[in-house]
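**Student:** I'd like to ask some things about the structure below.
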Amino acid sequence: MTRRLLYHNSPAMIVPASSKQAEYKMAKRDYYEVLGVGKNADDKELKSAFRKMAKQYHPDANPDDSSAEQKFKEASEAYEVLKEPQKRAAYDRFGHAAFEDGRGGTGGAGFGPEFSSSMSDIFEDLFGEFMGGGGGRRPGGRSSSNAARGSDLRYDMEISLTDAYAGKSAQIRVPTSVSCETCSGSGAKPGTSPSTCSTCNGQGAVRSSSGFFTVERACPTCQGRGNVISDPCTNCSGQGRVEKERTLSVNIPAGVEDGTRIRLANEGESGVRGGPSGDLYIFLSIKQHEFFQRDGADLFSRVPISMTSAALGGEIEVPTIDGKKARVTIPEGTQGGKQFRLKSKGMPVLRSSQHGDMYIQVSVETPVNLTRKQKELLRDFESQAKDNSPQSAGFFTKARSFWDSFGS
C-alpha cells in the first residue's frame with residue numbers, strides 16, 4: 001500500500017490558542033537565526049537550510065519530542081517569510097512587527113496555499129522513500145493514472161559466439177498477460193462500463209488527518225483505480241487482461257556481449273483494466289566456443305603445434321570466427337606460449353565499424369607413443385645438442401650456483 005504525507009494547511013493546527021503559543025510569540029527569534037543563515041543568503045541557501053532543519057526536527061522522526069515539533073514549526077514559519085521577496089523585504093525593514101495583526105499573512109494568520117505546495121515538494125524530496133512517493137504524480141499526491149501499469153518481464157536467451165559476431169533475428173515465445181479482447185481491456189461486461197468509486201469519488205486515494213499532517217492511502221474499495229466494476233467481464237473476470245503466449249521477433253545486433261540487456265518497450269505484461277503495458281527485457285548469455293575465448297572485442301585461441309614445427313618453423317592454418325581460415329607463419333625456434341596477433345580478426349564493436357583483434361597462442365606439444373627408432377634419433381639429437389636449448393641450460397646453470405651457495 002502506498003502512503004504519502006501531505007502538508008496539512010490548517011491554521012488551527014499551526015497556531016493553537018494556548019499559553020504555550022503565547023510564550024512562543026514572546027520568545028520569537030530572528031528568522032535568519034532560526035534557519036542558521038546570514039541576511040545575505042540567497043534562495044538556494046535558504047531552501048538548503050530549511051531542508052536540513054525539516055529533516056532533523058520532523059515530527060515523524062521525533063514522535064515523543066514536543067520540542068522538536070516546536071522547532072519544526074519555527075523553521076517552517078521562518079522559511080515561509082524569507083522565501084517570499086515581498087515578505088522578506090518587509091521583515092528586513094520592520095522585523096516581526098511587520099506581520100502583527102494579520103498584516104503579513106503569517107503568525108496567527110497561518111500558512112498560505114503556496115506554502116503548502118512548497119512544503120509538499122520539499123517533503124516529497126526529504127521523505128519520498130518513507131512515504132512511498134515517486135515520480136509521475138499530479139498535485140495532491142495522486143497518481144497520474146489510476147489504471148495500474150503492467151509488470152516488466154524478463155526473458156533469458158542463450159546465443160552462440162558466432163551469432164554474437166554476426167548478429168541475428170530470432171523468434172521467441174513469451175507467456176504473458178494481454179488485453180482482453182472481449183471487454184477491450186476495461187474489465188467490464190460488454191455493454192456496461194465501470195462506475196466511479198463512491199468511497200474516494202474517483203480520486204483513487206483516501207485521506208485521514210494525523211496530527212500535523214494528512215496521510216493519503218490508496219482507496220481500499222477500488223484499490224487506487226478510482227472506479228469499480230459492478231458487472232465484470234466473464235472472459236477476464238474483471239481484470240481487463242488474460243493469459244496468453246505471444247511470439248515476438250528479436251533483432252540481436254552484431255557485437256553483443258554476455259549479459260547484454262535488450263528492451264522491448266510495451267511488450268511486457270498488459271496493464272490492469274486498460275493500464276499501460278510493461279516492458280520486456282531480454283538478457284543474453286553467450287555459449288562457450290570450442291576454439292575461442294573472448295575478452296571484450298578481442299578473441300584468443302590456443303593452438304598446439306608439434307615440437308618439430310616449433311623447431312624448424314613453417315606455416316599453419318587457423319580458423320577465424322567468421323568461418324574462414326587465416327595463415328600464421330611460425331618462425332624457427334618458436335617457444336611455447338608465443339602469441340601471434342591477427343589484426344581486426346576479432347569481434348565487432350557494438351554499433352561500430354571497428355573490430356577487435358585475434359590472438360593465437362601456440363603451445364609446443366611433446367611427442368608421445370614413440371617407436372624405438374624415434375627414441376634412438378632423439379637420443380642421438382640430444383647427444384649432439386649443445387646450444388640448442390639456451391633457456392633450460394641457463395636455468396640449470398643458475399640452479400647449480402644456488403645449490404653451491406648453500407654448500408659453502
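Numbering starts fresh at 1 for the residues of each chain in the C-alpha cells, the chains themselves are lettered A, B, ... in the order given, and ligands are numbered from 1 as they appear.
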Can you tell me which residues surround Val364 of chain A at a distance of at most 6 Å, considering only C-alpha atoms, apart from same-chain residues fewer than 2 positions away, and format the answer as a VMD selection string?
**Tutor:** chain A and resid 304 to 307 336
**Student:** Could you list, as a ChimeraX atom specification, every residue within 7 Å of segment 199-204 of chain A, counting only C-alpha atoms and ignoring same-chain residues fewer than 4 positions away?
**Tutor:** /A:146,218-219,221-222,224-227
**Student:** Store the residues of this selection in a file with C-alpha atoms, as a short mmCIF file (atom, residue, chain, number, x, y, z; two decimals), in the first residue's frame.
**Tutor:**
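For reference, result_7.cif as written:
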data_model
loop_
_atom_site.label_atom_id
_atom_site.label_comp_id
_atom_site.auth_asym_id
_atom_site.auth_seq_id
_atom_site.Cartn_x
_atom_site.Cartn_y
_atom_site.Cartn_z
CA ASN A 146 -5.49 5.27 -11.88
CA ALA A 218 -4.81 4.04 -1.82
CA CYS A 219 -8.59 3.63 -1.67
CA THR A 221 -12.61 -0.10 -2.18
CA CYS A 222 -11.19 0.38 -5.67
CA GLY A 224 -6.49 3.04 -6.12
CA ARG A 225 -8.15 2.77 -9.53
CA GLY A 226 -10.85 5.37 -8.94
CA ASN A 227 -13.64 3.18 -10.33
#
**Student:** Which polymer residues have any atom within 12 Å of an atom of Lys189 of chain A, counting only C-alpha atoms, with same-chain residues fewer than 4 positions away left out, as number ranges by chain?
**Tutor:** A: 180-185, 193-194, 229-240, 273
**Student:** Pick out the closest residue to Ser179 of chain A from this set: A:Glu257, A:Glu267, A:Asp295, A:Asp92. Count only C-alpha atoms.
**Tutor:**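 Nearest candidate to Ser179 of chain A out of A:Glu257, A:Glu267, A:Asp295, A:Asp92: A:Glu267.
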**Student:** So that I can check the surroundings of Gly337 of chain A, please list as number ranges by chain every protein, DNA and RNA residue that reaches within 12 Å of it, counting only C-alpha atoms and ignoring chain neighbours fewer than 3 positions away.
**Tutor:** A: 301-305, 310, 334, 340, 359-365
**Student:** Given the selection you just returned, output its residues as a file containing all heavy atoms, formatted as a compact mmCIF listing (two decimals), in the first residue's frame.
**Tutor:**
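Okay, this is what ended up in result_27.txt:
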# COMPACT_ATOMS: atom_id res chain seq x y z
N SER A 301 42.86 -17.71 -28.98
CA SER A 301 42.77 -19.12 -29.35
C SER A 301 44.11 -19.80 -29.05
O SER A 301 45.18 -19.26 -29.38
CB SER A 301 42.42 -19.27 -30.84
OG SER A 301 42.31 -20.63 -31.19
N ARG A 302 44.05 -20.95 -28.41
CA ARG A 302 45.25 -21.72 -28.09
C ARG A 302 45.42 -22.80 -29.15
O ARG A 302 44.54 -23.64 -29.35
CB ARG A 302 45.12 -22.34 -26.70
CG ARG A 302 46.33 -23.13 -26.24
CD ARG A 302 46.11 -23.61 -24.81
NE ARG A 302 47.18 -24.47 -24.37
CZ ARG A 302 47.21 -25.79 -24.54
NH1 ARG A 302 46.20 -26.40 -25.18
NH2 ARG A 302 48.22 -26.52 -24.11
N VAL A 303 46.57 -22.79 -29.83
CA VAL A 303 46.81 -23.71 -30.95
C VAL A 303 48.04 -24.58 -30.63
O VAL A 303 49.14 -24.05 -30.46
CB VAL A 303 47.05 -22.94 -32.26
CG1 VAL A 303 47.33 -23.92 -33.41
CG2 VAL A 303 45.85 -22.06 -32.59
N PRO A 304 47.89 -25.89 -30.55
CA PRO A 304 49.04 -26.76 -30.32
C PRO A 304 49.81 -27.00 -31.62
O PRO A 304 49.22 -27.18 -32.69
CB PRO A 304 48.41 -28.06 -29.81
CG PRO A 304 47.03 -28.07 -30.40
CD PRO A 304 46.61 -26.63 -30.54
N ILE A 305 51.15 -26.96 -31.54
CA ILE A 305 51.99 -27.29 -32.69
C ILE A 305 53.01 -28.35 -32.26
O ILE A 305 53.32 -28.48 -31.07
CB ILE A 305 52.70 -26.04 -33.25
CG1 ILE A 305 53.63 -25.42 -32.20
CG2 ILE A 305 51.69 -25.01 -33.74
CD1 ILE A 305 54.47 -24.26 -32.72
N ALA A 310 57.78 -26.26 -34.20
CA ALA A 310 58.30 -25.17 -33.40
C ALA A 310 59.79 -24.99 -33.64
O ALA A 310 60.29 -23.86 -33.67
CB ALA A 310 58.02 -25.43 -31.93
N THR A 334 60.42 -21.31 -32.27
CA THR A 334 59.30 -20.72 -31.53
C THR A 334 59.10 -21.46 -30.20
O THR A 334 59.05 -22.69 -30.17
CB THR A 334 58.01 -20.78 -32.36
OG1 THR A 334 58.16 -19.95 -33.51
CG2 THR A 334 56.81 -20.29 -31.55
N PHE A 340 50.69 -14.65 -31.44
CA PHE A 340 50.69 -14.02 -32.76
C PHE A 340 49.37 -13.25 -32.89
O PHE A 340 48.30 -13.78 -32.60
CB PHE A 340 50.82 -15.06 -33.86
CG PHE A 340 52.09 -15.85 -33.80
CD1 PHE A 340 52.14 -17.05 -33.09
CD2 PHE A 340 53.25 -15.40 -34.42
CE1 PHE A 340 53.31 -17.79 -33.02
CE2 PHE A 340 54.42 -16.13 -34.35
CZ PHE A 340 54.47 -17.32 -33.65
N TYR A 359 44.15 -13.25 -31.25
CA TYR A 359 45.47 -13.63 -30.78
C TYR A 359 45.60 -15.15 -30.76
O TYR A 359 44.76 -15.84 -30.15
CB TYR A 359 45.73 -13.06 -29.38
CG TYR A 359 45.84 -11.56 -29.35
CD1 TYR A 359 44.70 -10.76 -29.19
CD2 TYR A 359 47.07 -10.93 -29.50
CE1 TYR A 359 44.79 -9.38 -29.17
CE2 TYR A 359 47.17 -9.55 -29.48
CZ TYR A 359 46.04 -8.78 -29.32
OH TYR A 359 46.14 -7.40 -29.32
N ILE A 360 46.65 -15.63 -31.44
CA ILE A 360 46.96 -17.06 -31.46
C ILE A 360 48.11 -17.32 -30.49
O ILE A 360 49.18 -16.71 -30.61
CB ILE A 360 47.37 -17.52 -32.88
CG1 ILE A 360 46.24 -17.26 -33.88
CG2 ILE A 360 47.76 -18.99 -32.88
CD1 ILE A 360 44.98 -18.01 -33.56
N GLN A 361 47.89 -18.19 -29.54
CA GLN A 361 48.94 -18.58 -28.60
C GLN A 361 49.30 -20.04 -28.86
O GLN A 361 48.44 -20.92 -28.74
CB GLN A 361 48.50 -18.40 -27.15
CG GLN A 361 49.57 -18.77 -26.15
CD GLN A 361 49.15 -18.52 -24.72
OE1 GLN A 361 48.29 -17.68 -24.46
NE2 GLN A 361 49.73 -19.24 -23.78
N VAL A 362 50.55 -20.27 -29.23
CA VAL A 362 50.96 -21.64 -29.56
C VAL A 362 51.44 -22.35 -28.31
O VAL A 362 52.04 -21.75 -27.41
CB VAL A 362 52.07 -21.64 -30.64
CG1 VAL A 362 51.56 -21.03 -31.93
CG2 VAL A 362 53.31 -20.92 -30.15
N SER A 363 51.16 -23.63 -28.26
CA SER A 363 51.69 -24.50 -27.21
C SER A 363 52.43 -25.64 -27.90
O SER A 363 51.88 -26.30 -28.80
CB SER A 363 50.57 -25.03 -26.32
OG SER A 363 49.65 -25.81 -27.07
N VAL A 364 53.67 -25.85 -27.53
CA VAL A 364 54.50 -26.87 -28.16
C VAL A 364 54.18 -28.22 -27.53
O VAL A 364 54.28 -28.39 -26.31
CB VAL A 364 56.00 -26.54 -28.01
CG1 VAL A 364 56.85 -27.62 -28.67
CG2 VAL A 364 56.30 -25.18 -28.62
N GLU A 365 53.77 -29.12 -28.37
CA GLU A 365 53.32 -30.43 -27.89
C GLU A 365 54.50 -31.41 -27.86
O GLU A 365 55.22 -31.58 -28.85
CB GLU A 365 52.21 -30.96 -28.80
CG GLU A 365 51.58 -32.24 -28.31
CD GLU A 365 50.42 -32.67 -29.20
OE1 GLU A 365 50.41 -32.27 -30.38
OE2 GLU A 365 49.55 -33.40 -28.73
**Student:** Looking only at the backbone, which of the residues in segment 223-337 of chain A does DSSP tag as strand (DSSP E), as a ChimeraX atom specification?
**Tutor:** /A:227-228,241-252,261-264,280-286,293-295,298-306,314-319,325-330
**Student:** Give the helix (DSSP H, G or I) residues of segment 202-400 of chain A, as DSSP finds them on the backbone, and put them as an NGL selection string.
**Tutor:** :A and (272-274 or 307-312 or 372-384 or 390-400)
**Student:** Suppose we keep N, CA and C atoms; can you now write the selection as a short mmCIF file (atom, residue, chain, number, x, y, z; two decimals), in the first residue's frame?
**Tutor:**
data_model
loop_
_atom_site.label_atom_id
_atom_site.label_comp_id
_atom_site.auth_asym_id
_atom_site.auth_seq_id
_atom_site.Cartn_x
_atom_site.Cartn_y
_atom_site.Cartn_z
N VAL A 272 -3.61 -3.48 -15.91
CA VAL A 272 -4.92 -3.85 -15.40
C VAL A 272 -5.96 -2.84 -15.87
N ARG A 273 -7.05 -3.34 -16.44
CA ARG A 273 -8.18 -2.51 -16.88
C ARG A 273 -7.75 -1.35 -17.77
N GLY A 274 -7.00 -1.69 -18.80
CA GLY A 274 -6.61 -0.69 -19.78
C GLY A 274 -5.37 0.10 -19.42
N MET A 307 56.61 -30.37 -31.88
CA MET A 307 57.95 -29.94 -31.49
C MET A 307 58.80 -29.62 -32.72
N THR A 308 58.66 -30.42 -33.78
CA THR A 308 59.45 -30.17 -34.99
C THR A 308 59.02 -28.89 -35.69
N SER A 309 57.68 -28.60 -35.68
CA SER A 309 57.21 -27.35 -36.29
C SER A 309 57.74 -26.15 -35.54
N ALA A 310 57.78 -26.26 -34.20
CA ALA A 310 58.30 -25.17 -33.40
C ALA A 310 59.79 -24.99 -33.64
N ALA A 311 60.51 -26.09 -33.82
CA ALA A 311 61.96 -26.01 -34.01
C ALA A 311 62.33 -25.56 -35.41
N LEU A 312 61.64 -26.11 -36.41
CA LEU A 312 62.02 -25.83 -37.80
C LEU A 312 61.26 -24.65 -38.39
N ARG A 372 60.86 -47.28 -31.12
CA ARG A 372 62.26 -47.45 -30.74
C ARG A 372 63.17 -46.62 -31.64
N LYS A 373 62.90 -46.58 -32.91
CA LYS A 373 63.71 -45.80 -33.84
C LYS A 373 63.66 -44.31 -33.51
N GLN A 374 62.44 -43.82 -33.18
CA GLN A 374 62.28 -42.39 -32.85
C GLN A 374 63.03 -42.04 -31.56
N LYS A 375 63.00 -42.94 -30.61
CA LYS A 375 63.72 -42.69 -29.37
C LYS A 375 65.23 -42.63 -29.62
N GLU A 376 65.74 -43.54 -30.46
CA GLU A 376 67.17 -43.54 -30.78
C GLU A 376 67.57 -42.23 -31.47
N LEU A 377 66.71 -41.76 -32.37
CA LEU A 377 67.00 -40.50 -33.06
C LEU A 377 67.03 -39.32 -32.09
N LEU A 378 66.12 -39.33 -31.11
CA LEU A 378 66.08 -38.24 -30.14
C LEU A 378 67.30 -38.29 -29.22
N ARG A 379 67.72 -39.50 -28.85
CA ARG A 379 68.92 -39.61 -28.00
C ARG A 379 70.16 -39.15 -28.77
N ASP A 380 70.19 -39.49 -30.04
CA ASP A 380 71.31 -39.05 -30.88
C ASP A 380 71.31 -37.53 -31.01
N PHE A 381 70.10 -36.96 -31.17
CA PHE A 381 69.99 -35.49 -31.26
C PHE A 381 70.45 -34.84 -29.95
N GLU A 382 70.03 -35.42 -28.83
CA GLU A 382 70.38 -34.84 -27.53
C GLU A 382 71.90 -34.89 -27.29
N SER A 383 72.53 -35.96 -27.74
CA SER A 383 73.97 -36.08 -27.53
C SER A 383 74.75 -35.03 -28.33
N GLN A 384 74.18 -34.60 -29.42
CA GLN A 384 74.86 -33.62 -30.27
C GLN A 384 74.43 -32.17 -29.97
N PRO A 390 68.93 -22.79 -24.97
CA PRO A 390 69.57 -21.79 -24.11
C PRO A 390 68.81 -21.51 -22.81
N GLN A 391 67.48 -21.56 -22.84
CA GLN A 391 66.71 -21.26 -21.64
C GLN A 391 66.93 -22.31 -20.56
N SER A 392 66.81 -23.60 -20.94
CA SER A 392 66.99 -24.66 -19.95
C SER A 392 68.43 -24.71 -19.46
N ALA A 393 69.40 -24.51 -20.37
CA ALA A 393 70.81 -24.52 -19.97
C ALA A 393 71.09 -23.39 -18.99
N GLY A 394 70.55 -22.21 -19.27
CA GLY A 394 70.76 -21.08 -18.36
C GLY A 394 70.13 -21.31 -17.01
N PHE A 395 68.94 -21.91 -17.01
CA PHE A 395 68.25 -22.16 -15.74
C PHE A 395 69.06 -23.10 -14.85
N PHE A 396 69.52 -24.21 -15.40
CA PHE A 396 70.22 -25.18 -14.58
C PHE A 396 71.61 -24.69 -14.17
N THR A 397 72.20 -23.82 -14.98
CA THR A 397 73.46 -23.20 -14.57
C THR A 397 73.25 -22.34 -13.32
N LYS A 398 72.17 -21.55 -13.30
CA LYS A 398 71.85 -20.73 -12.14
C LYS A 398 71.46 -21.60 -10.95
N ALA A 399 70.77 -22.70 -11.21
CA ALA A 399 70.38 -23.60 -10.12
C ALA A 399 71.61 -24.19 -9.43
N ARG A 400 72.63 -24.58 -10.21
CA ARG A 400 73.83 -25.15 -9.60
C ARG A 400 74.55 -24.11 -8.74
#
**Student:** List as a list in words the protein and nucleic acid residues near Ile330 of chain A, meaning an atom at most 7 Å away when only C-alpha atoms are counted, but skip any in the same chain fewer than 6 places from it.
**Tutor:**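 Those residues are Gly313, Gly314 and Glu315 of chain A.
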**Student:** Tell me, in Å to one decimal, how far atom CA of Ser160 of chain A is from atom CA of Ile321 of chain A.
**Tutor:**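 If I compute the distance from atom CA of Ser160 of chain A to atom CA of Ile321 of chain A, I get 11.1 Å.
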**Student:** Extract, using only C-alpha atoms, all DNA, RNA and protein residues at most 10 Å from Ala166 of chain A, discarding same-chain residues fewer than 4 positions from it, and format them as a list in words.
**Tutor:** Leu161, Thr162, Ile252, Pro253, Ala254, Gly255, Val256, Ile321, Asp322, Met347 and Pro348 of chain A
**Student:** Got time to write the residues from that selection, C-alpha atoms, as a JSON list (two decimals), in the first residue's frame?
**Tutor:**
[["chain", "number", "residue", "atom", "x", "y", "z"],
["A", 161, "LEU", "CA", 29.55, -16.69, -30.15],
["A", 162, "THR", "CA", 29.15, -16.77, -33.94],
["A", 252, "ILE", "CA", 20.26, -9.09, -31.93],
["A", 253, "PRO", "CA", 22.91, -6.63, -33.15],
["A", 254, "ALA", "CA", 26.42, -7.77, -34.02],
["A", 255, "GLY", "CA", 28.94, -7.38, -31.20],
["A", 256, "VAL", "CA", 26.67, -8.03, -28.20],
["A", 321, "ILE", "CA", 35.26, -16.51, -36.04],
["A", 322, "ASP", "CA", 33.68, -15.79, -39.43],
["A", 347, "MET", "CA", 34.63, -9.42, -32.63],
["A", 348, "PRO", "CA", 32.88, -6.33, -33.97]]
**Student:** Hey, can you check how far atom CA of Ser285 of chain A sits from atom CA of Asp152 of chain A?
**Tutor:**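 Between these atoms lies a distance of 19.5 Å.
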